[in-house]
$ cat coords10.pdb   # PDB, C-alpha atoms and all ligand atoms
ATOM      1  CA  MET M 149       0.000   0.000   0.000  1.00  0.00           C
ATOM      2  CA  ILE M 150       1.302   3.445  -0.838  1.00  0.00           C
ATOM      3  CA  ILE M 151       0.715   6.590   1.212  1.00  0.00           C
ATOM      4  CA  THR M 152      -0.112   9.784  -0.674  1.00  0.00           C
ATOM      5  CA  LEU M 153      -0.516  13.309   0.673  1.00  0.00           C
ATOM      6  CA  ILE M 154      -2.818  15.625  -1.296  1.00  0.00           C
ATOM      7  CA  ALA M 155      -2.808  19.381  -0.638  1.00  0.00           C
ATOM      8  CA  ALA M 156      -3.180  22.845  -2.126  1.00  0.00           C
ATOM      9  CA  LEU M 157      -0.264  25.107  -1.160  1.00  0.00           C
ATOM     10  CA  SER M 158       0.505  28.761  -1.681  1.00  0.00           C
ATOM     11  CA  GLU M 159       3.792  29.641  -3.374  1.00  0.00           C
ATOM     12  CA  ASP M 160       5.209  30.253   0.108  1.00  0.00           C
ATOM     13  CA  GLY M 161       4.059  26.876   1.438  1.00  0.00           C
ATOM     14  CA  PHE M 162       0.838  27.610   3.370  1.00  0.00           C
ATOM     15  CA  ILE M 163      -2.363  25.545   3.241  1.00  0.00           C
ATOM     16  CA  SER M 164      -4.554  27.925   5.240  1.00  0.00           C
ATOM     17  CA  ARG M 165      -4.544  31.379   6.845  1.00  0.00           C
ATOM     18  CA  SER M 166      -6.059  30.036  10.085  1.00  0.00           C
ATOM     19  CA  HIS M 167      -9.268  28.214   9.186  1.00  0.00           C
ATOM     20  CA  GLY M 168     -10.424  26.709   5.912  1.00  0.00           C
ATOM     21  CA  VAL M 169      -8.766  26.570   2.513  1.00  0.00           C
ATOM     22  CA  PRO M 170      -8.082  30.180   1.478  1.00  0.00           C
ATOM     23  CA  TRP M 171      -8.966  29.853  -2.216  1.00  0.00           C
ATOM     24  CA  ASP M 172     -12.088  29.192  -4.222  1.00  0.00           C
ATOM     25  CA  LEU M 173     -10.699  27.234  -7.196  1.00  0.00           C
ATOM     26  CA  PRO M 174     -13.341  24.990  -8.822  1.00  0.00           C
ATOM     27  CA  ASP M 175     -10.843  23.058 -10.967  1.00  0.00           C
ATOM     28  CA  ASP M 176      -8.753  22.259  -7.906  1.00  0.00           C
ATOM     29  CA  ARG M 177     -11.846  20.980  -6.089  1.00  0.00           C
ATOM     30  CA  LYS M 178     -12.588  18.852  -9.159  1.00  0.00           C
ATOM     31  CA  HIS M 179      -8.992  17.562  -9.159  1.00  0.00           C
ATOM     32  CA  PHE M 180      -9.297  16.712  -5.433  1.00  0.00           C
ATOM     33  CA  ARG M 181     -12.627  14.935  -5.939  1.00  0.00           C
ATOM     34  CA  GLN M 182     -11.324  12.972  -8.921  1.00  0.00           C
ATOM     35  CA  TYR M 183      -8.168  11.883  -7.130  1.00  0.00           C
ATOM     36  CA  THR M 184      -9.924  10.855  -3.914  1.00  0.00           C
ATOM     37  CA  ALA M 185     -13.114   9.306  -5.386  1.00  0.00           C
ATOM     38  CA  GLY M 186     -13.817   5.938  -3.816  1.00  0.00           C
ATOM     39  CA  ARG M 187     -10.402   5.826  -2.088  1.00  0.00           C
ATOM     40  CA  CYS M 188      -9.353   5.279   1.504  1.00  0.00           C
ATOM     41  CA  LEU M 189      -8.818   8.676   3.181  1.00  0.00           C
ATOM     42  CA  LEU M 190      -7.137   9.855   6.378  1.00  0.00           C
ATOM     43  CA  LEU M 191      -7.935  13.264   7.878  1.00  0.00           C
ATOM     44  CA  GLY M 192      -7.011  15.067  11.060  1.00  0.00           C
ATOM     45  CA  ARG M 193      -9.942  15.746  13.351  1.00  0.00           C
ATOM     46  CA  THR M 194      -9.913  19.517  12.612  1.00  0.00           C
ATOM     47  CA  THR M 195     -10.024  19.101   8.834  1.00  0.00           C
ATOM     48  CA  TYR M 196     -12.645  16.353   9.136  1.00  0.00           C
ATOM     49  CA  GLN M 197     -14.903  18.683  11.135  1.00  0.00           C
ATOM     50  CA  GLU M 198     -14.345  21.507   8.622  1.00  0.00           C
ATOM     51  CA  MET M 199     -15.307  19.180   5.761  1.00  0.00           C
ATOM     52  CA  ASN M 200     -18.446  17.996   7.527  1.00  0.00           C
ATOM     53  CA  GLY M 201     -20.967  16.771   4.981  1.00  0.00           C
ATOM     54  CA  TRP M 202     -18.437  16.345   2.167  1.00  0.00           C
ATOM     55  CA  PHE M 203     -17.954  12.586   2.586  1.00  0.00           C
ATOM     56  CA  THR M 204     -20.884  11.170   0.667  1.00  0.00           C
ATOM     57  CA  ASP M 205     -18.974   8.318  -1.013  1.00  0.00           C
ATOM     58  CA  HIS M 206     -16.131   7.830   1.493  1.00  0.00           C
ATOM     59  CA  LYS M 207     -15.654   6.211   4.861  1.00  0.00           C
ATOM     60  CA  PRO M 208     -12.746   8.304   6.106  1.00  0.00           C
ATOM     61  CA  LEU M 209     -10.372   7.478   8.918  1.00  0.00           C
ATOM     62  CA  VAL M 210     -10.273  10.381  11.396  1.00  0.00           C
ATOM     63  CA  LEU M 211      -7.058  10.902  13.353  1.00  0.00           C
ATOM     64  CA  THR M 212      -7.687  12.089  16.932  1.00  0.00           C
ATOM     65  CA  ARG M 213      -6.329  11.383  20.407  1.00  0.00           C
ATOM     66  CA  ASP M 214      -9.773  12.129  21.856  1.00  0.00           C
ATOM     67  CA  ALA M 215     -11.283   8.756  22.755  1.00  0.00           C
ATOM     68  CA  THR M 216     -14.708  10.409  23.189  1.00  0.00           C
ATOM     69  CA  PHE M 217     -14.769  11.822  19.621  1.00  0.00           C
ATOM     70  CA  ARG M 218     -17.542  10.273  17.558  1.00  0.00           C
ATOM     71  CA  PRO M 219     -17.302  10.688  13.790  1.00  0.00           C
ATOM     72  CA  GLN M 220     -20.392  10.228  11.633  1.00  0.00           C
ATOM     73  CA  PRO M 221     -21.772   6.698  11.382  1.00  0.00           C
ATOM     74  CA  GLY M 222     -19.606   4.527   9.128  1.00  0.00           C
ATOM     75  CA  HIS M 223     -16.538   6.755   9.607  1.00  0.00           C
ATOM     76  CA  ARG M 224     -13.766   5.507  11.883  1.00  0.00           C
ATOM     77  CA  ARG M 225     -11.799   7.229  14.644  1.00  0.00           C
ATOM     78  CA  VAL M 226      -8.104   6.279  14.701  1.00  0.00           C
ATOM     79  CA  PRO M 227      -5.828   7.273  17.606  1.00  0.00           C
ATOM     80  CA  THR M 228      -2.486   6.773  15.817  1.00  0.00           C
ATOM     81  CA  VAL M 229      -1.004   6.777  12.318  1.00  0.00           C
ATOM     82  CA  PRO M 230       0.112   3.104  12.553  1.00  0.00           C
ATOM     83  CA  LEU M 231      -3.465   2.121  13.383  1.00  0.00           C
ATOM     84  CA  ALA M 232      -4.716   4.128  10.382  1.00  0.00           C
ATOM     85  CA  LEU M 233      -2.328   2.131   8.174  1.00  0.00           C
ATOM     86  CA  PHE M 234      -3.565  -1.086   9.749  1.00  0.00           C
ATOM     87  CA  TYR M 235      -7.236  -0.269   9.031  1.00  0.00           C
ATOM     88  CA  ALA M 236      -6.439   0.859   5.478  1.00  0.00           C
ATOM     89  CA  GLN M 237      -4.628  -2.424   4.869  1.00  0.00           C
ATOM     90  CA  GLN M 238      -7.560  -4.307   6.379  1.00  0.00           C
ATOM     91  CA  GLN M 239      -9.793  -2.622   3.763  1.00  0.00           C
ATOM     92  CA  GLN M 240      -7.287  -3.878   1.160  1.00  0.00           C
ATOM     93  CA  ALA M 241      -6.624  -0.310   0.043  1.00  0.00           C
ATOM     94  CA  LYS M 242      -3.848   0.053  -2.525  1.00  0.00           C
ATOM     95  CA  GLU M 243      -3.386   3.677  -1.512  1.00  0.00           C
ATOM     96  CA  LEU M 244      -4.094   5.671   1.656  1.00  0.00           C
ATOM     97  CA  ILE M 245      -4.696   9.323   0.811  1.00  0.00           C
ATOM     98  CA  VAL M 246      -3.891  11.834   3.532  1.00  0.00           C
ATOM     99  CA  CYS M 247      -6.064  14.937   3.111  1.00  0.00           C
ATOM    100  CA  GLY M 248      -4.597  17.118   5.884  1.00  0.00           C
ATOM    101  CA  GLY M 249      -4.377  19.296   7.758  1.00  0.00           C
ATOM    102  CA  ALA M 250      -0.893  20.396   8.730  1.00  0.00           C
ATOM    103  CA  GLN M 251      -0.480  18.219  11.836  1.00  0.00           C
ATOM    104  CA  THR M 252      -1.680  15.179   9.949  1.00  0.00           C
ATOM    105  CA  TYR M 253       0.593  15.900   6.978  1.00  0.00           C
ATOM    106  CA  ALA M 254       3.520  16.318   9.405  1.00  0.00           C
ATOM    107  CA  ALA M 255       2.724  12.987  11.086  1.00  0.00           C
ATOM    108  CA  THR M 256       2.539  11.092   7.787  1.00  0.00           C
ATOM    109  CA  ILE M 257       5.038  12.707   5.391  1.00  0.00           C
ATOM    110  CA  PRO M 258       7.971  10.667   6.780  1.00  0.00           C
ATOM    111  CA  LEU M 259       6.089   7.518   5.659  1.00  0.00           C
ATOM    112  CA  ALA M 260       4.714   8.863   2.369  1.00  0.00           C
ATOM    113  CA  HIS M 261       5.518   7.615  -1.141  1.00  0.00           C
ATOM    114  CA  LYS M 262       3.743  10.279  -3.197  1.00  0.00           C
ATOM    115  CA  LEU M 263       2.674  13.938  -3.000  1.00  0.00           C
ATOM    116  CA  VAL M 264      -0.194  15.350  -5.086  1.00  0.00           C
ATOM    117  CA  ILE M 265       0.255  19.095  -4.809  1.00  0.00           C
ATOM    118  CA  THR M 266      -1.645  22.023  -6.243  1.00  0.00           C
ATOM    119  CA  ARG M 267       0.725  24.972  -6.111  1.00  0.00           C
ATOM    120  CA  VAL M 268      -1.539  28.042  -6.062  1.00  0.00           C
ATOM    121  CA  HIS M 269       0.236  31.089  -7.454  1.00  0.00           C
ATOM    122  CA  ASP M 270      -0.548  33.291  -4.497  1.00  0.00           C
ATOM    123  CA  ARG M 271       1.539  34.244  -1.448  1.00  0.00           C
ATOM    124  CA  LEU M 272      -0.079  34.228   2.004  1.00  0.00           C
ATOM    125  CA  GLY M 273       2.924  35.468   4.016  1.00  0.00           C
ATOM    126  CA  SER M 274       1.861  33.542   7.110  1.00  0.00           C
ATOM    127  CA  GLY M 275      -0.579  30.864   8.210  1.00  0.00           C
ATOM    128  CA  ILE M 276      -0.672  27.073   8.591  1.00  0.00           C
ATOM    129  CA  ALA M 277       2.210  25.505   6.683  1.00  0.00           C
ATOM    130  CA  PHE M 278       2.634  22.269   4.757  1.00  0.00           C
ATOM    131  CA  PRO M 279       5.820  20.423   5.791  1.00  0.00           C
ATOM    132  CA  ALA M 280       8.929  21.255   3.727  1.00  0.00           C
ATOM    133  CA  ILE M 281       9.193  19.292   0.450  1.00  0.00           C
ATOM    134  CA  ASP M 282      12.825  18.195   0.689  1.00  0.00           C
ATOM    135  CA  PRO M 283      14.322  18.257  -2.861  1.00  0.00           C
ATOM    136  CA  GLN M 284      16.809  15.542  -1.855  1.00  0.00           C
ATOM    137  CA  ARG M 285      13.921  13.193  -1.167  1.00  0.00           C
ATOM    138  CA  TRP M 286      11.107  14.233  -3.541  1.00  0.00           C
ATOM    139  CA  ILE M 287      11.356  14.100  -7.324  1.00  0.00           C
ATOM    140  CA  GLU M 288       8.829  15.888  -9.538  1.00  0.00           C
ATOM    141  CA  ILE M 289       7.054  13.417 -11.830  1.00  0.00           C
ATOM    142  CA  THR M 290       4.262  15.421 -13.456  1.00  0.00           C
ATOM    143  CA  ARG M 291       3.422  19.106 -13.892  1.00  0.00           C
ATOM    144  CA  ILE M 292       0.289  20.626 -15.446  1.00  0.00           C
ATOM    145  CA  GLU M 293      -0.206  24.380 -15.617  1.00  0.00           C
ATOM    146  CA  HIS M 294      -3.651  25.950 -15.138  1.00  0.00           C
ATOM    147  CA  PRO M 295      -3.964  29.663 -15.910  1.00  0.00           C
ATOM    148  CA  ALA M 296      -6.041  32.142 -13.945  1.00  0.00           C
ATOM    149  CA  ASP M 297      -9.384  32.829 -15.619  1.00  0.00           C
ATOM    150  CA  ALA M 298     -12.873  34.145 -14.908  1.00  0.00           C
ATOM    151  CA  HIS M 299     -13.488  31.305 -12.383  1.00  0.00           C
ATOM    152  CA  HIS M 300      -9.966  31.114 -10.923  1.00  0.00           C
ATOM    153  CA  ALA M 301      -8.461  34.205  -9.321  1.00  0.00           C
ATOM    154  CA  HIS M 302      -5.036  32.521  -9.270  1.00  0.00           C
ATOM    155  CA  ALA M 303      -3.092  30.371 -11.707  1.00  0.00           C
ATOM    156  CA  MET M 304      -2.214  26.891 -10.376  1.00  0.00           C
ATOM    157  CA  THR M 305       0.305  24.174 -11.097  1.00  0.00           C
ATOM    158  CA  PHE M 306      -0.784  20.561 -10.514  1.00  0.00           C
ATOM    159  CA  LEU M 307       2.285  18.586  -9.436  1.00  0.00           C
ATOM    160  CA  THR M 308       3.057  15.006  -8.519  1.00  0.00           C
ATOM    161  CA  TYR M 309       6.184  13.996  -6.601  1.00  0.00           C
ATOM    162  CA  HIS M 310       7.541  10.556  -5.811  1.00  0.00           C
ATOM    163  CA  SER M 311       9.786   9.764  -2.877  1.00  0.00           C
ATOM    164  CA  LEU M 312      13.259   8.594  -3.853  1.00  0.00           C
ATOM    165  CA  PRO M 313      14.341   5.429  -2.054  1.00  0.00           C
ATOM    166  CA  GLN M 314      16.794   6.081   0.798  1.00  0.00           C
ATOM    167  CA  GLY M 315      19.893   4.999  -1.168  1.00  0.00           C
ATOM    168  CA  ARG M 316      19.019   7.198  -4.201  1.00  0.00           C
ATOM    169  CA  ARG M 317      18.453  10.479  -2.383  1.00  0.00           C
ATOM    170  CA  ARG M 318      20.432  13.370  -3.782  1.00  0.00           C
ATOM    171  CA  ALA M 319      23.252  14.717  -1.653  1.00  0.00           C
TER     172      ALA M 319
HETATM  173  N1  LIG M 401      -4.991  23.651   1.530  1.00  0.00           N
HETATM  174  C1  LIG M 401      -5.219  22.355   1.757  1.00  0.00           C
HETATM  175  O1  LIG M 401      -5.031  21.510   0.865  1.00  0.00           O
HETATM  176  C2  LIG M 401      -5.738  21.906   3.097  1.00  0.00           C
HETATM  177  C3  LIG M 401      -6.052  20.553   3.274  1.00  0.00           C
HETATM  178  C4  LIG M 401      -6.508  20.136   4.515  1.00  0.00           C
HETATM  179  C5  LIG M 401      -6.628  21.052   5.559  1.00  0.00           C
HETATM  180  N2  LIG M 401      -6.313  22.340   5.359  1.00  0.00           N
HETATM  181  C6  LIG M 401      -6.384  23.293   6.459  1.00  0.00           C
HETATM  182  O2  LIG M 401      -5.547  22.847   7.522  1.00  0.00           O
HETATM  183  C7  LIG M 401      -6.059  23.389   8.734  1.00  0.00           C
HETATM  184  C8  LIG M 401      -6.114  22.310   9.793  1.00  0.00           C
HETATM  185  O3  LIG M 401      -4.822  21.793  10.040  1.00  0.00           O
HETATM  186  P1  LIG M 401      -4.411  21.389  11.530  1.00  0.00           P
HETATM  187  O4  LIG M 401      -2.991  20.995  11.506  1.00  0.00           O
HETATM  188  O5  LIG M 401      -4.831  22.487  12.453  1.00  0.00           O
HETATM  189  O6  LIG M 401      -5.386  20.188  11.871  1.00  0.00           O
HETATM  190  P2  LIG M 401      -5.584  18.650  11.385  1.00  0.00           P
HETATM  191  O7  LIG M 401      -4.285  18.002  11.061  1.00  0.00           O
HETATM  192  O8  LIG M 401      -6.697  18.623  10.408  1.00  0.00           O
HETATM  193  O9  LIG M 401      -6.173  18.045  12.745  1.00  0.00           O
HETATM  194  C9  LIG M 401      -5.434  18.168  13.925  1.00  0.00           C
HETATM  195  C10 LIG M 401      -5.954  17.161  14.913  1.00  0.00           C
HETATM  196  O10 LIG M 401      -5.701  15.831  14.457  1.00  0.00           O
HETATM  197  C11 LIG M 401      -5.330  15.007  15.548  1.00  0.00           C
HETATM  198  N3  LIG M 401      -3.947  14.578  15.357  1.00  0.00           N
HETATM  199  C12 LIG M 401      -2.972  15.228  14.653  1.00  0.00           C
HETATM  200  N4  LIG M 401      -1.835  14.502  14.657  1.00  0.00           N
HETATM  201  C13 LIG M 401      -2.098  13.378  15.364  1.00  0.00           C
HETATM  202  C14 LIG M 401      -1.331  12.232  15.710  1.00  0.00           C
HETATM  203  N5  LIG M 401      -0.039  12.096  15.321  1.00  0.00           N
HETATM  204  N6  LIG M 401      -1.907  11.256  16.441  1.00  0.00           N
HETATM  205  C15 LIG M 401      -3.214  11.359  16.819  1.00  0.00           C
HETATM  206  N7  LIG M 401      -4.001  12.436  16.531  1.00  0.00           N
HETATM  207  C16 LIG M 401      -3.445  13.435  15.816  1.00  0.00           C
HETATM  208  C17 LIG M 401      -5.519  15.845  16.794  1.00  0.00           C
HETATM  209  O11 LIG M 401      -6.900  15.705  17.125  1.00  0.00           O
HETATM  210  P3  LIG M 401      -7.459  15.853  18.628  1.00  0.00           P
HETATM  211  O12 LIG M 401      -7.169  17.269  19.031  1.00  0.00           O
HETATM  212  O13 LIG M 401      -8.914  15.561  18.500  1.00  0.00           O
HETATM  213  O14 LIG M 401      -6.701  14.835  19.453  1.00  0.00           O
HETATM  214  C18 LIG M 401      -5.245  17.237  16.270  1.00  0.00           C
HETATM  215  O15 LIG M 401      -5.790  18.267  17.068  1.00  0.00           O
HETATM  216  C19 LIG M 401      -7.406  23.950   8.424  1.00  0.00           C
HETATM  217  O16 LIG M 401      -7.327  25.353   8.350  1.00  0.00           O
HETATM  218  C20 LIG M 401      -7.737  23.381   7.053  1.00  0.00           C
HETATM  219  O17 LIG M 401      -8.583  24.211   6.311  1.00  0.00           O
HETATM  220  C21 LIG M 401      -5.879  22.798   4.146  1.00  0.00           C
END
$ encode --input "coords10.pdb" --output "structure tokens"
Amino acid sequence: MIITLIAALSEDGFISRSHGVPWDLPDDRKHFRQYTAGRCLLLGRTTYQEMNGWFTDHKPLVLTRDATFRPQPGHRRVPTVPLALFYAQQQQAKELIVCGGAQTYAATIPLAHKLVITRVHDRLGSGIAFPAIDPQRWIEITRIEHPADAHHAHAMTFLTYHSLPQGRRRA
């Protein structure tokens, strides 16, 4: 099973100002929906609560240390990342997709094989950051440019990175 992180980042590496995704970009939402459709998802408790009502065709795993937290029926609370991997494997998932937020990305990026990144051509200056994408570890595999237009206030670049195996990391 591979572990993939999917996120939209500003040019300066932020995923949010303080609450919610700071952009309204329909083609990025479409990209997110297409990539995650029918897949096994992991979300931090904060992001899960923000996305309340979004999970019509998913049964997400929700990462929280709060043993009293009750996700919606059919969704599963997981207290640790290793247990999330265990449940994903039990569902025979080929890929576990980590949908954020920052704490959850930070807890899973050391284990990840793939990053699916929308680089939004906007600078936030401050906010909630995505972990650093170490160029010694991550190699860019695909890149698709999306210009700004009447429905998109910012241009975007859709990127995919793969993790280089330990012995092949660049010095
Ligand atoms: N731009 C994007 O693509 C994107 C994507 C997703 C989210 N976001 C944004 O990211 C922000 C939220 O990020 P966040 O970092 O504050 O929250 P988060 O990662 O969504 O959730 C944090 C919560 O997850 C639980 N948690 C985190 N790490 C854990 C671990 N190792 N073990 C067990 N539980 C753990 C804890 O829950 P308990 O406190 O319940 O124990 C923690 O409070 C929001 O503003 C959201 O809009 C942006």
$ resolve_selection --input "coords10.pdb" --expression "the PyMOL selection byres (((chain M and resi 316) around 12) and not hetatm)" --output "ChimeraX atom specification"
/M:284-287,311-315,317-319
$ resolve_selection --input "coords10.pdb" --expression "the PyMOL selection byres (((not hetatm)) within 6 of (chain M and resi 401))" --output "ChimeraX atom specification"
/M:155-157,163-164,166-169,192-195,211-214,227-228,247-252,255
$ closest_residue --input "coords10.pdb" --among "M:His269, M:Pro230, M:Trp202, M:Leu190" --to "Pro295 of chain M" --atoms "all atoms listed in the file"
M:His269
$ resolve_selection --input "coords10.pdb" --expression "the PyMOL selection byres (((chain M and resi 207) around 6) and not hetatm)" --output "list in words"
His206, Pro208 and His223 of chain M
$ atom_distance --input "coords10.pdb" --atom1 "atom CA of Thr184 of chain M" --atom2 "atom CA of Leu209 of chain M"
13.3 Å
$ residues_around --input "coords10.pdb" --residues "Arg177 of chain M" --least-positions-apart "2" --cutoff "12 Å" --atoms "only C-alpha atoms" --output "PyMOL selection string"
chain M and resi 154-156+169+171-175+179-185+202+266+300+306
$ atom_distance --input "coords10.pdb" --atom1 "atom CA of Ala241 of chain M" --atom2 "atom CA of Pro221 of chain M"
20.2 Å
$ closest_residue --input "coords10.pdb" --among "M:Ser158, M:Val210, M:Met304, M:Gln237" --to "Gly273 of chain M" --atoms "only C-alpha atoms"
M:Ser158
$ atom_distance --input "coords10.pdb" --atom1 "atom CA of Gly201 of chain M" --atom2 "atom CA of Phe278 of chain M"
24.2 Å
$ closest_residue --input "coords10.pdb" --among "M:Val264, M:Ala280, M:Ile151, M:Ile289" --to "Val229 of chain M" --atoms "only C-alpha atoms"
M:Ile151
$ closest_residue --input "coords10.pdb" --among "M:Ser274, M:Lys262, M:Ile150, M:Arg267" --to "Gln240 of chain M" --atoms "all atoms listed in the file"
M:Ile150
$ closest_residue --input "coords10.pdb" --among "M:Ile265, M:Cys188, M:Ala277, M:Ala260" --to "Arg291 of chain M" --atoms "all atoms listed in the file"
M:Ile265
$ closest_residue --input "coords10.pdb" --among "M:Glu243, M:Asp176, M:Asp282, M:Glu159" --to "Leu189 of chain M" --atoms "only C-alpha atoms"
M:Glu243
